[in-house]
Amino acid sequence: MNAADLAALLHADLHGDGTLPVRRPCHPAEARAPDDVAVAMDGTLLALLADSAAKVAVVAADAVARVPAGAVGALVAVGRPRLAMAGLTGAFAPPPPVPVGVHPSAVIEDGVTLGEGVAIGPFVHVGAGAEIGAGTVVCSHVTIGAGVRIGPHGLIHAGARIGSGSTLGAHVILHHNASIAADGFSFVTPEKGSVESAKETGRVDATNTGLVRIHSLAAVTLGDYVEVGACACLDRGTLSDTRIGDHTKIDDLVLIGHNVRVGAHCMLCGQVGIAGSAVIGDRVVLAGRVGVADHVTIGDDAVVAAGSGVGTSLKGRAVYAGTPAVERERAFETYMLTQRLKGLFRDVRALKAAVRPGRHADDGANGAG
Amino acid sequence: MNAADLAALLHADLHGDGTLPVRRPCHPAEARAPDDVAVAMDGTLLALLADSAAKVAVVAADAVARVPAGAVGALVAVGRPRLAMAGLTGAFAPPPPVPVGVHPSAVIEDGVTLGEGVAIGPFVHVGAGAEIGAGTVVCSHVTIGAGVRIGPHGLIHAGARIGSGSTLGAHVILHHNASIAADGFSFVTPEKGSVESAKETGRVDATNTGLVRIHSLAAVTLGDYVEVGACACLDRGTLSDTRIGDHTKIDDLVLIGHNVRVGAHCMLCGQVGIAGSAVIGDRVVLAGRVGVADHVTIGDDAVVAAGSGVGTSLKGRAVYAGTPAVERERAFETYMLTQRLKGLFRDVRALKAAVRPGRHADDGANGAG
Amino acid sequence: MNAADLAALLHADLHGDGTLPVRRPCHPAEARAPDDVAVAMDGTLLALLADSAAKVAVVAADAVARVPAGAVGALVAVGRPRLAMAGLTGAFAPPPPVPVGVHPSAVIEDGVTLGEGVAIGPFVHVGAGAEIGAGTVVCSHVTIGAGVRIGPHGLIHAGARIGSGSTLGAHVILHHNASIAADGFSFVTPEKGSVESAKETGRVDATNTGLVRIHSLAAVTLGDYVEVGACACLDRGTLSDTRIGDHTKIDDLVLIGHNVRVGAHCMLCGQVGIAGSAVIGDRVVLAGRVGVADHVTIGDDAVVAAGSGVGTSLKGRAVYAGTPAVERERAFETYMLTQRLKGLFRDVRALKAAVRPGRHADDGANGAG
């Protein structure tokens with residue numbers, strides 16, 4: 001590939017010598033060879049181009065004039081830098097880490113169907129009757145349960161566990177040690193227990209006389225192009241599968257409880273937790289460590305700010321924040337008011353002194369702190 | 001099994017033809033055959049029975065009259081639906097996923113004792129001197145450390161790690177990639193460090209001149225019927241085992257620090273974190289993502305609401321919420337008051353204007369927002 | 001080892017018979033033999049020494065006078081108990097759990113370099129061209145990607161995954177199922193999406209028309225003496241490695257996003273989450289479950305209290321708390337003021353009645369609750 005090819009790939013403008021070869025994108029200060037491509041779409045990196053070993057650079061179109069004169073031989077000038085980063089990193093992404101074929105150490109049970117070009121790494125266990133689509137790559141130490149169906153062109157990283165009966169669409173990616181279809185966390189007490197009591201009365205009027213397990217008979221279904229992060233846990237459904245829609249991306253250490261339904265094109269960021277039977281719409285964004293209570297619904301295109309706790313259902317196409325999560329504007333207003341409390345206490349103390357001059361500010365607990 | 005058998009199993013009333021066969025419980029809309037059992041204990045599903053392929057349905061006893069006429073051939077009418085769900089799913093739970101015996105790929109070190117009917121899957125490593133009780137099932141890719149003792153009738157799912165010297169009771173279930181007995185997170189600085197300074201003075205008057213490791217010499221002990229979720233982490237004790245009482249259920253991604261003691265019949269929901277040396281009583285419920293500080297105590301039958309942060313010890317048999325966690329009623333009251341702050345600021349502004357008519361609302365930071 | 005040796009090792013004073021043998025440190029109530037060492041540095045345990053089977057005890061120097069007379073044959077009296085615990089547990093820590101050499105079940109790809117005394121356990125997969133330093137111990141079921149470099153004297157526990165191209169320094173410890181160098185969670189929409197809209201206007205004026213993946217071309221670099229907890233996830237960098245400085249300790253279930261830089265001698269406690277491209281200084285302490293937003297900076301020696309949410313950059317050498325995290329003193333003040341709101345509402349209600357006697361407390365939403 002040369003600079004002109006790269007510009008074409010990124011739908012970008014080329015300035016300079018398009019014949020210069022490009023081999024590897026990198027930070028301007030970490031370029032080691034002329035065919036490294038210095039990525040300086042962040043304006044603060046432009047100054048580094050002068051001393052970079054790279055001869056080709058990718059910059060934002062509106063920053064071309066600020067590139068030090070003569071710093072590089074060719075500039076690839078892009079209009080939407082983050083999108084260009086997707087194209088650029090995709091073009092140079094490494095090939096699948098496992099060769100086509102089945103490693104001799106793998107254990108493949110009876111009745112397994114492997115599509116064309118499947119790659120199975122060392123110490124993989126594929127359960128009876130499983131189907132793996134064409135071109136899917138299964139890295140070492142993966143467990144694929146009995147009857148699991150995986151679509152074509154998937155990539156299952158080391159240590160991922162896929163429980164029996166689960167269905168994965170095409171182009172699914174599972175990262176290190178992800179857990180698909182462990183049993184749900186679902187128990188009941190023979191008599192009314194402490195949690196039911198707390199929900200009804202706010203008090204603990206009953207005790208848990210025993211915890212009886214509700215088994216998870218269903219599995220997990222992931223749509224096409226779903227990605228699941230490292231050590232993320234998506235639990236089985238009780239009678240119907242827990243479902244994740246097409247193109248939804250799930251970060252590391254996310255927990256998705258039993259029976260949850262997540263729509264398409266959602267982003268569930270790191271350490272998000274969604275309790276059982278919640279229903280999440282399409283294109284919902286849950287920022288880092290958002291918690292969602294069981295059985296609530298979140299509408300399409302909702303955005304929930306990091307760390308929020310969603311305790312009740314939320315309408316779509318709005319931004320939410322706080323615990324309990326409310327519309328961002330209201331959460332922000334409440335927060336700002338709490339930051340002005342010191343002055344408010346002072347004002348009330350002064351008012352009390354003015355209104356009842358015989359009583360002093362030291363007469364009670366509400367004097368200014 | 002037929003409808004009459006199922007009613008007997010669930011201690012339920014039978015309406016209709018008890019001889020109808022039942023093979024698989026499912027959502028009414030997902031029934032595919034007459035011997036599927038439509039589960040419609042949630043009243044909103046009753047209307048679906050008319051079009052369901054199932055000939056037998058399980059419904060709540062108080063909903064029998066609302067079942068569409070002629071919808072099914074037999075009704076199993078239950079008194080406590082969630083408890084019935086436990087019985088129903090238990091009756092149809094799949095058999096253990098590993099055949100009895102030791103898979104030829106497993107590595108069993110010297111001095112291991114295997115009980116009758118133990119099942120060991122592919123790529124399992126059992127350390128020297130370990131004991132595994134009768135009927136216990138160990139799925140693929142599990143690591144069992146040296147000297148570990150596992151009771152009878154356990155189920156250890158793929159990728160679980162059990163550190164050396166740990167003890168698991170009878171009927172213990174570990175889910176995918178659970179970590180039992182990793183080392184505790186315990187360090188000390190040779191001189192007083194920033195955390196000690198912060199605790200004493202609220203300021204950082206000291207720096208961390210080095211972090212020296214406190215090793216974890218003890219292991220983890222789990223009682224009977226304990227269940228540990230996927231990617232949950234229960235760390236070793238320093239000198240005495242970290243201990244979990246009988247029948248306690250631990251959800252995915254829960255962290256239990258070194259030296260923690262958890263009582264019996266507790267429920268620790270998803271992403272809960274308990275810091276080192278905390279002591280949790282019996283039948284305590286920590287809802288999703290509750291955090292508990294090190295060395296605090298929580299009394300029997302306490303219920304802590306989702307997302308709360310327990311910073312100090314809590315008495316038993318009460319409901320707590322918030323960060324820091326306080327009695328739910330007080331937490332709720334404070335929250336409701338913060339939601340009325342806007343009006344309070346307005347009132348104070350009006351009072352200031354009324355009391356000192358010469359000064360206007362724009363005279364300070366505390367006018368209504 | 002005898003009591004005198006132990007006192008010397010811990011730089012402690014010896015009282016009594018230094019020739020008494022010591023074999024195993026334990027809780028005073030759990031001692032089973034005369035050569036057990038009762039550890040009673042916590043003053044509440046001193047009374048247990050009278051009935052302990054141990055003949056040697058380790059106590060705090062200022063507690064020697066409170067040891068029951070004749071309880072033990074020798075006292076090791078230490079000045080800084082937690083530091084002594086580090087020395088004591090280090091002296092009795094178990095040997096590495098894997099014998100030197102390569103287990104016959106392990107799969108070692110081409111071009112791997114193993115240092116002297118390396119120990120490789122069962123079912124380990126070492127990718128092409130990896131280098132493992134002298135004395136490093138790799139437990140069962142570990143995945144080491146192609147081109148990974150691990151320094152000497154490391155300890156990689158069962159199920160840890162190290163993605164290709166990563167670099168680990170000397171004396172690194174990875175715990176069960178830790179994930180090093182999974183891909184970062186990084187996506188972009190072709191057109192402006194809901195998150196960009198929310199950041200700019202606080203509203204959702206745009207929808208996510210598609211999620212395009214930004215690939216992670218770089219890896220992870222861990223300094224010397226870094227420790228990573230069970231199921232912790234450290235993601236790859238996009239163009240430059242995600243980096244963790246020397247001696248930094250990372251607890252279980254911590255998430256470190258792509259491109260993050262963490263300094264040296266930091267402590268990142270359980271369930272901490274650091275979003276992409278954040279920069280953490282040296283000797284920073286993030287207590288349990290602290291969240292850090294993307295791209296923020298935290299200065300050297302900062303201490304952030306448990307559960308806090310860091311939304312903006314923080315200066316060093318101070319204590320922070322709350323969400324959003326502010327200086328601890330301010331967070332505490334605001335919290336205390338919110339606890340006094342009930343009285344404030346009451347005061348304002350009384351003032352309104354006094355100032356406008358014709359209007360009563362029941363005239364609006366802001367009467368005292």
# chains A, B, ... in the order shown; residues from 1 in each chain; ligands from 1
call {"tool": "interface_residues", "arguments": {"of": "chain A", "to": "chain C", "cutoff": "6 Å", "atoms": "only C-alpha atoms", "output": "list in words"}}
result
Cys26, Leu83, Ala86, Thr89, Gly90, Asp251, Arg317, Ala318 and Val319 of chain A
call {"tool": "atom_distance", "arguments": {"atom1": "atom CA of Val260 of chain C", "atom2": "atom CA of Met267 of chain A"}}
result
20.1 Å
call {"tool": "select_by_dssp", "arguments": {"residues": "segment 244-362 of chain B", "states": "strand (DSSP E or B)", "output": "PyMOL selection string"}}
result
chain B and resi 244+249-250+255-256+261-262+267-268+273-274+279-280+285-286+291-292+297-298+303-304+309-310+314+319-321+326-327
call {"tool": "write_last_selection", "arguments": {"atoms": "N, CA, C and O atoms", "output": "short mmCIF file (atom, residue, chain, number, x, y, z; two decimals), in the first residue's frame"}}
result
data_model
loop_
_atom_site.label_atom_id
_atom_site.label_comp_id
_atom_site.auth_asym_id
_atom_site.auth_seq_id
_atom_site.Cartn_x
_atom_site.Cartn_y
_atom_site.Cartn_z
N ILE B 244 -17.53 -18.88 53.34
CA ILE B 244 -18.89 -18.64 52.87
C ILE B 244 -19.78 -19.72 53.47
O ILE B 244 -19.49 -20.91 53.32
N LYS B 249 -25.70 -17.83 48.03
CA LYS B 249 -25.65 -17.75 46.57
C LYS B 249 -24.95 -16.46 46.16
O LYS B 249 -25.31 -15.38 46.64
N ILE B 250 -24.00 -16.61 45.26
CA ILE B 250 -23.15 -15.49 44.85
C ILE B 250 -23.26 -15.36 43.33
O ILE B 250 -23.04 -16.32 42.60
N LEU B 255 -17.03 -9.74 43.91
CA LEU B 255 -15.69 -9.79 44.49
C LEU B 255 -15.80 -9.94 46.00
O LEU B 255 -16.43 -9.12 46.66
N ILE B 256 -15.18 -10.96 46.54
CA ILE B 256 -15.13 -11.15 47.99
C ILE B 256 -13.67 -11.18 48.40
O ILE B 256 -12.91 -12.05 48.01
N ARG B 261 -15.89 -13.07 55.99
CA ARG B 261 -16.77 -14.15 56.45
C ARG B 261 -18.19 -13.80 56.01
O ARG B 261 -18.70 -12.74 56.38
N VAL B 262 -18.81 -14.68 55.27
CA VAL B 262 -20.20 -14.51 54.87
C VAL B 262 -21.00 -15.65 55.50
O VAL B 262 -20.56 -16.80 55.46
N MET B 267 -27.74 -13.83 49.87
CA MET B 267 -27.75 -13.61 48.44
C MET B 267 -26.90 -12.39 48.12
O MET B 267 -27.22 -11.28 48.55
N LEU B 268 -25.84 -12.62 47.37
CA LEU B 268 -24.94 -11.53 46.98
C LEU B 268 -25.10 -11.35 45.48
O LEU B 268 -24.61 -12.17 44.68
N GLY B 273 -19.31 -6.08 45.75
CA GLY B 273 -17.91 -6.15 46.15
C GLY B 273 -17.80 -6.01 47.67
O GLY B 273 -18.36 -5.08 48.25
N ILE B 274 -17.11 -6.94 48.28
CA ILE B 274 -16.94 -6.92 49.74
C ILE B 274 -15.44 -6.87 50.03
O ILE B 274 -14.71 -7.79 49.66
N VAL B 279 -17.47 -8.81 57.75
CA VAL B 279 -18.20 -9.95 58.30
C VAL B 279 -19.69 -9.75 58.00
O VAL B 279 -20.29 -8.77 58.44
N ILE B 280 -20.25 -10.68 57.24
CA ILE B 280 -21.65 -10.60 56.81
C ILE B 280 -22.43 -11.69 57.53
O ILE B 280 -21.99 -12.85 57.55
N VAL B 285 -29.11 -10.01 52.33
CA VAL B 285 -29.27 -9.81 50.89
C VAL B 285 -28.57 -8.52 50.50
O VAL B 285 -28.93 -7.44 50.97
N LEU B 286 -27.57 -8.64 49.65
CA LEU B 286 -26.92 -7.46 49.08
C LEU B 286 -27.36 -7.41 47.62
O LEU B 286 -27.00 -8.28 46.82
N GLY B 291 -21.47 -2.19 47.51
CA GLY B 291 -20.07 -2.25 47.94
C GLY B 291 -20.01 -2.24 49.46
O GLY B 291 -20.78 -1.52 50.11
N VAL B 292 -19.13 -3.01 50.02
CA VAL B 292 -18.98 -3.08 51.47
C VAL B 292 -17.51 -2.81 51.81
O VAL B 292 -16.62 -3.46 51.27
N THR B 297 -19.20 -4.85 59.66
CA THR B 297 -20.06 -5.98 59.99
C THR B 297 -21.49 -5.67 59.54
O THR B 297 -21.95 -4.55 59.72
N ILE B 298 -22.16 -6.65 58.95
CA ILE B 298 -23.57 -6.49 58.59
C ILE B 298 -24.35 -7.59 59.29
O ILE B 298 -24.01 -8.77 59.19
N VAL B 303 -31.06 -6.20 54.52
CA VAL B 303 -31.26 -6.10 53.08
C VAL B 303 -30.68 -4.76 52.65
O VAL B 303 -31.07 -3.72 53.19
N VAL B 304 -29.75 -4.78 51.70
CA VAL B 304 -29.13 -3.53 51.24
C VAL B 304 -29.50 -3.33 49.78
O VAL B 304 -29.30 -4.21 48.94
N GLY B 309 -23.43 1.87 49.07
CA GLY B 309 -22.06 1.73 49.55
C GLY B 309 -22.05 1.66 51.06
O GLY B 309 -22.34 2.65 51.73
N VAL B 310 -21.74 0.50 51.59
CA VAL B 310 -21.76 0.30 53.04
C VAL B 310 -20.40 0.68 53.61
O VAL B 310 -19.42 -0.03 53.40
N LEU B 314 -23.61 -2.26 59.95
CA LEU B 314 -25.07 -2.14 59.92
C LEU B 314 -25.70 -3.22 60.78
O LEU B 314 -25.29 -4.38 60.74
N VAL B 319 -33.67 -2.51 56.28
CA VAL B 319 -33.40 -2.25 54.87
C VAL B 319 -32.55 -0.98 54.77
O VAL B 319 -32.89 0.03 55.39
N TYR B 320 -31.49 -1.06 54.01
CA TYR B 320 -30.55 0.06 53.89
C TYR B 320 -30.44 0.49 52.43
O TYR B 320 -30.62 -0.31 51.51
N ALA B 321 -30.08 1.77 52.25
CA ALA B 321 -29.88 2.28 50.89
C ALA B 321 -28.93 3.45 50.91
O ALA B 321 -28.73 4.10 51.95
N VAL B 326 -27.60 4.05 54.72
CA VAL B 326 -28.32 4.33 55.97
C VAL B 326 -29.68 3.63 55.85
O VAL B 326 -30.01 3.09 54.81
N GLU B 327 -30.46 3.69 56.92
CA GLU B 327 -31.76 3.01 56.84
C GLU B 327 -32.54 3.59 55.66
O GLU B 327 -32.56 4.80 55.43
#
call {"tool": "atom_distance", "arguments": {"atom1": "atom CA of Pro81 of chain C", "atom2": "atom CA of Val284 of chain C"}}
result
23.3 Å
call {"tool": "decode", "arguments": {"residues": "segment 252-296 of chain B", "atoms": "N, CA and C atoms", "output": "PDB file, in the first residue's frame"}}
result
ATOM      1  N   ASP B 252     -22.692 -13.463  39.398  1.00  0.00           N
ATOM      2  CA  ASP B 252     -21.553 -13.200  38.516  1.00  0.00           C
ATOM      3  C   ASP B 252     -20.805 -11.933  38.952  1.00  0.00           C
ATOM      4  N   LEU B 253     -19.517 -11.957  38.737  1.00  0.00           N
ATOM      5  CA  LEU B 253     -18.668 -10.768  38.854  1.00  0.00           C
ATOM      6  C   LEU B 253     -18.657 -10.163  40.252  1.00  0.00           C
ATOM      7  N   VAL B 254     -19.011 -10.970  41.232  1.00  0.00           N
ATOM      8  CA  VAL B 254     -18.917 -10.533  42.626  1.00  0.00           C
ATOM      9  C   VAL B 254     -17.474 -10.685  43.097  1.00  0.00           C
ATOM     10  N   LEU B 255     -17.031  -9.735  43.905  1.00  0.00           N
ATOM     11  CA  LEU B 255     -15.688  -9.790  44.486  1.00  0.00           C
ATOM     12  C   LEU B 255     -15.801  -9.935  45.995  1.00  0.00           C
ATOM     13  N   ILE B 256     -15.177 -10.959  46.535  1.00  0.00           N
ATOM     14  CA  ILE B 256     -15.133 -11.152  47.987  1.00  0.00           C
ATOM     15  C   ILE B 256     -13.674 -11.178  48.398  1.00  0.00           C
ATOM     16  N   GLY B 257     -13.323 -10.163  49.188  1.00  0.00           N
ATOM     17  CA  GLY B 257     -11.914  -9.958  49.536  1.00  0.00           C
ATOM     18  C   GLY B 257     -11.392 -10.950  50.554  1.00  0.00           C
ATOM     19  N   HIS B 258     -10.113 -10.831  50.860  1.00  0.00           N
ATOM     20  CA  HIS B 258      -9.449 -11.770  51.752  1.00  0.00           C
ATOM     21  C   HIS B 258     -10.010 -11.645  53.169  1.00  0.00           C
ATOM     22  N   ASN B 259     -10.135 -12.771  53.809  1.00  0.00           N
ATOM     23  CA  ASN B 259     -10.544 -12.871  55.227  1.00  0.00           C
ATOM     24  C   ASN B 259     -12.014 -12.585  55.470  1.00  0.00           C
ATOM     25  N   VAL B 260     -12.773 -12.314  54.418  1.00  0.00           N
ATOM     26  CA  VAL B 260     -14.204 -12.041  54.614  1.00  0.00           C
ATOM     27  C   VAL B 260     -14.904 -13.290  55.132  1.00  0.00           C
ATOM     28  N   ARG B 261     -15.893 -13.070  55.990  1.00  0.00           N
ATOM     29  CA  ARG B 261     -16.772 -14.148  56.446  1.00  0.00           C
ATOM     30  C   ARG B 261     -18.191 -13.802  56.011  1.00  0.00           C
ATOM     31  N   VAL B 262     -18.808 -14.682  55.269  1.00  0.00           N
ATOM     32  CA  VAL B 262     -20.204 -14.507  54.869  1.00  0.00           C
ATOM     33  C   VAL B 262     -20.996 -15.648  55.498  1.00  0.00           C
ATOM     34  N   GLY B 263     -22.155 -15.317  56.069  1.00  0.00           N
ATOM     35  CA  GLY B 263     -22.964 -16.323  56.746  1.00  0.00           C
ATOM     36  C   GLY B 263     -23.703 -17.251  55.794  1.00  0.00           C
ATOM     37  N   ALA B 264     -24.731 -17.886  56.304  1.00  0.00           N
ATOM     38  CA  ALA B 264     -25.513 -18.865  55.544  1.00  0.00           C
ATOM     39  C   ALA B 264     -26.736 -18.206  54.920  1.00  0.00           C
ATOM     40  N   HIS B 265     -27.203 -18.775  53.819  1.00  0.00           N
ATOM     41  CA  HIS B 265     -28.447 -18.349  53.176  1.00  0.00           C
ATOM     42  C   HIS B 265     -28.412 -16.887  52.734  1.00  0.00           C
ATOM     43  N   CYS B 266     -27.252 -16.379  52.426  1.00  0.00           N
ATOM     44  CA  CYS B 266     -27.161 -15.005  51.913  1.00  0.00           C
ATOM     45  C   CYS B 266     -27.339 -14.994  50.400  1.00  0.00           C
ATOM     46  N   MET B 267     -27.735 -13.834  49.875  1.00  0.00           N
ATOM     47  CA  MET B 267     -27.751 -13.613  48.436  1.00  0.00           C
ATOM     48  C   MET B 267     -26.900 -12.387  48.124  1.00  0.00           C
ATOM     49  N   LEU B 268     -25.841 -12.619  47.368  1.00  0.00           N
ATOM     50  CA  LEU B 268     -24.945 -11.530  46.983  1.00  0.00           C
ATOM     51  C   LEU B 268     -25.101 -11.352  45.480  1.00  0.00           C
ATOM     52  N   CYS B 269     -25.803 -10.318  45.080  1.00  0.00           N
ATOM     53  CA  CYS B 269     -26.194 -10.172  43.679  1.00  0.00           C
ATOM     54  C   CYS B 269     -25.045  -9.619  42.825  1.00  0.00           C
ATOM     55  N   GLY B 270     -25.319  -9.506  41.549  1.00  0.00           N
ATOM     56  CA  GLY B 270     -24.289  -9.220  40.558  1.00  0.00           C
ATOM     57  C   GLY B 270     -23.421  -8.022  40.877  1.00  0.00           C
ATOM     58  N   GLN B 271     -22.121  -8.197  40.717  1.00  0.00           N
ATOM     59  CA  GLN B 271     -21.135  -7.129  40.835  1.00  0.00           C
ATOM     60  C   GLN B 271     -21.011  -6.572  42.250  1.00  0.00           C
ATOM     61  N   VAL B 272     -21.563  -7.252  43.223  1.00  0.00           N
ATOM     62  CA  VAL B 272     -21.297  -6.870  44.614  1.00  0.00           C
ATOM     63  C   VAL B 272     -19.803  -6.963  44.887  1.00  0.00           C
ATOM     64  N   GLY B 273     -19.313  -6.080  45.749  1.00  0.00           N
ATOM     65  CA  GLY B 273     -17.914  -6.147  46.155  1.00  0.00           C
ATOM     66  C   GLY B 273     -17.801  -6.013  47.665  1.00  0.00           C
ATOM     67  N   ILE B 274     -17.110  -6.943  48.281  1.00  0.00           N
ATOM     68  CA  ILE B 274     -16.936  -6.924  49.741  1.00  0.00           C
ATOM     69  C   ILE B 274     -15.440  -6.873  50.027  1.00  0.00           C
ATOM     70  N   ALA B 275     -15.021  -5.799  50.679  1.00  0.00           N
ATOM     71  CA  ALA B 275     -13.590  -5.620  50.918  1.00  0.00           C
ATOM     72  C   ALA B 275     -13.109  -6.486  52.084  1.00  0.00           C
ATOM     73  N   GLY B 276     -11.826  -6.574  52.203  1.00  0.00           N
ATOM     74  CA  GLY B 276     -11.179  -7.510  53.101  1.00  0.00           C
ATOM     75  C   GLY B 276     -11.677  -7.453  54.541  1.00  0.00           C
ATOM     76  N   SER B 277     -11.837  -8.618  55.148  1.00  0.00           N
ATOM     77  CA  SER B 277     -12.127  -8.787  56.573  1.00  0.00           C
ATOM     78  C   SER B 277     -13.514  -8.326  56.995  1.00  0.00           C
ATOM     79  N   ALA B 278     -14.387  -7.999  56.057  1.00  0.00           N
ATOM     80  CA  ALA B 278     -15.770  -7.704  56.438  1.00  0.00           C
ATOM     81  C   ALA B 278     -16.450  -8.982  56.914  1.00  0.00           C
ATOM     82  N   VAL B 279     -17.473  -8.811  57.750  1.00  0.00           N
ATOM     83  CA  VAL B 279     -18.202  -9.948  58.295  1.00  0.00           C
ATOM     84  C   VAL B 279     -19.692  -9.753  57.996  1.00  0.00           C
ATOM     85  N   ILE B 280     -20.254 -10.685  57.243  1.00  0.00           N
ATOM     86  CA  ILE B 280     -21.652 -10.600  56.812  1.00  0.00           C
ATOM     87  C   ILE B 280     -22.425 -11.693  57.529  1.00  0.00           C
ATOM     88  N   GLY B 281     -23.567 -11.346  58.109  1.00  0.00           N
ATOM     89  CA  GLY B 281     -24.354 -12.304  58.889  1.00  0.00           C
ATOM     90  C   GLY B 281     -25.073 -13.336  58.036  1.00  0.00           C
ATOM     91  N   ASP B 282     -26.075 -13.958  58.627  1.00  0.00           N
ATOM     92  CA  ASP B 282     -26.876 -14.958  57.921  1.00  0.00           C
ATOM     93  C   ASP B 282     -28.055 -14.283  57.208  1.00  0.00           C
ATOM     94  N   ARG B 283     -28.459 -14.878  56.106  1.00  0.00           N
ATOM     95  CA  ARG B 283     -29.643 -14.429  55.362  1.00  0.00           C
ATOM     96  C   ARG B 283     -29.582 -12.955  54.958  1.00  0.00           C
ATOM     97  N   VAL B 284     -28.379 -12.446  54.797  1.00  0.00           N
ATOM     98  CA  VAL B 284     -28.225 -11.064  54.336  1.00  0.00           C
ATOM     99  C   VAL B 284     -28.417 -11.029  52.816  1.00  0.00           C
ATOM    100  N   VAL B 285     -29.110 -10.010  52.328  1.00  0.00           N
ATOM    101  CA  VAL B 285     -29.272  -9.812  50.888  1.00  0.00           C
ATOM    102  C   VAL B 285     -28.572  -8.520  50.497  1.00  0.00           C
ATOM    103  N   LEU B 286     -27.571  -8.639  49.652  1.00  0.00           N
ATOM    104  CA  LEU B 286     -26.923  -7.460  49.077  1.00  0.00           C
ATOM    105  C   LEU B 286     -27.356  -7.412  47.616  1.00  0.00           C
ATOM    106  N   ALA B 287     -28.139  -6.399  47.266  1.00  0.00           N
ATOM    107  CA  ALA B 287     -28.631  -6.299  45.898  1.00  0.00           C
ATOM    108  C   ALA B 287     -27.482  -5.926  44.958  1.00  0.00           C
ATOM    109  N   GLY B 288     -27.798  -5.805  43.686  1.00  0.00           N
ATOM    110  CA  GLY B 288     -26.761  -5.630  42.675  1.00  0.00           C
ATOM    111  C   GLY B 288     -25.807  -4.497  42.984  1.00  0.00           C
ATOM    112  N   ARG B 289     -24.545  -4.788  42.845  1.00  0.00           N
ATOM    113  CA  ARG B 289     -23.484  -3.805  42.927  1.00  0.00           C
ATOM    114  C   ARG B 289     -23.389  -3.066  44.255  1.00  0.00           C
ATOM    115  N   VAL B 290     -23.805  -3.678  45.337  1.00  0.00           N
ATOM    116  CA  VAL B 290     -23.526  -3.107  46.654  1.00  0.00           C
ATOM    117  C   VAL B 290     -22.042  -3.242  46.943  1.00  0.00           C
ATOM    118  N   GLY B 291     -21.467  -2.185  47.507  1.00  0.00           N
ATOM    119  CA  GLY B 291     -20.073  -2.249  47.944  1.00  0.00           C
ATOM    120  C   GLY B 291     -20.013  -2.237  49.460  1.00  0.00           C
ATOM    121  N   VAL B 292     -19.128  -3.009  50.021  1.00  0.00           N
ATOM    122  CA  VAL B 292     -18.979  -3.080  51.471  1.00  0.00           C
ATOM    123  C   VAL B 292     -17.509  -2.814  51.814  1.00  0.00           C
ATOM    124  N   ALA B 293     -17.299  -1.851  52.712  1.00  0.00           N
ATOM    125  CA  ALA B 293     -15.933  -1.485  53.095  1.00  0.00           C
ATOM    126  C   ALA B 293     -15.285  -2.582  53.934  1.00  0.00           C
ATOM    127  N   ASP B 294     -13.984  -2.534  54.018  1.00  0.00           N
ATOM    128  CA  ASP B 294     -13.238  -3.531  54.772  1.00  0.00           C
ATOM    129  C   ASP B 294     -13.555  -3.425  56.257  1.00  0.00           C
ATOM    130  N   HIS B 295     -13.544  -4.578  56.907  1.00  0.00           N
ATOM    131  CA  HIS B 295     -13.678  -4.688  58.363  1.00  0.00           C
ATOM    132  C   HIS B 295     -15.049  -4.323  58.919  1.00  0.00           C
ATOM    133  N   VAL B 296     -16.050  -3.968  58.096  1.00  0.00           N
ATOM    134  CA  VAL B 296     -17.368  -3.667  58.665  1.00  0.00           C
ATOM    135  C   VAL B 296     -18.148  -4.965  58.873  1.00  0.00           C
TER     136      VAL B 296
END
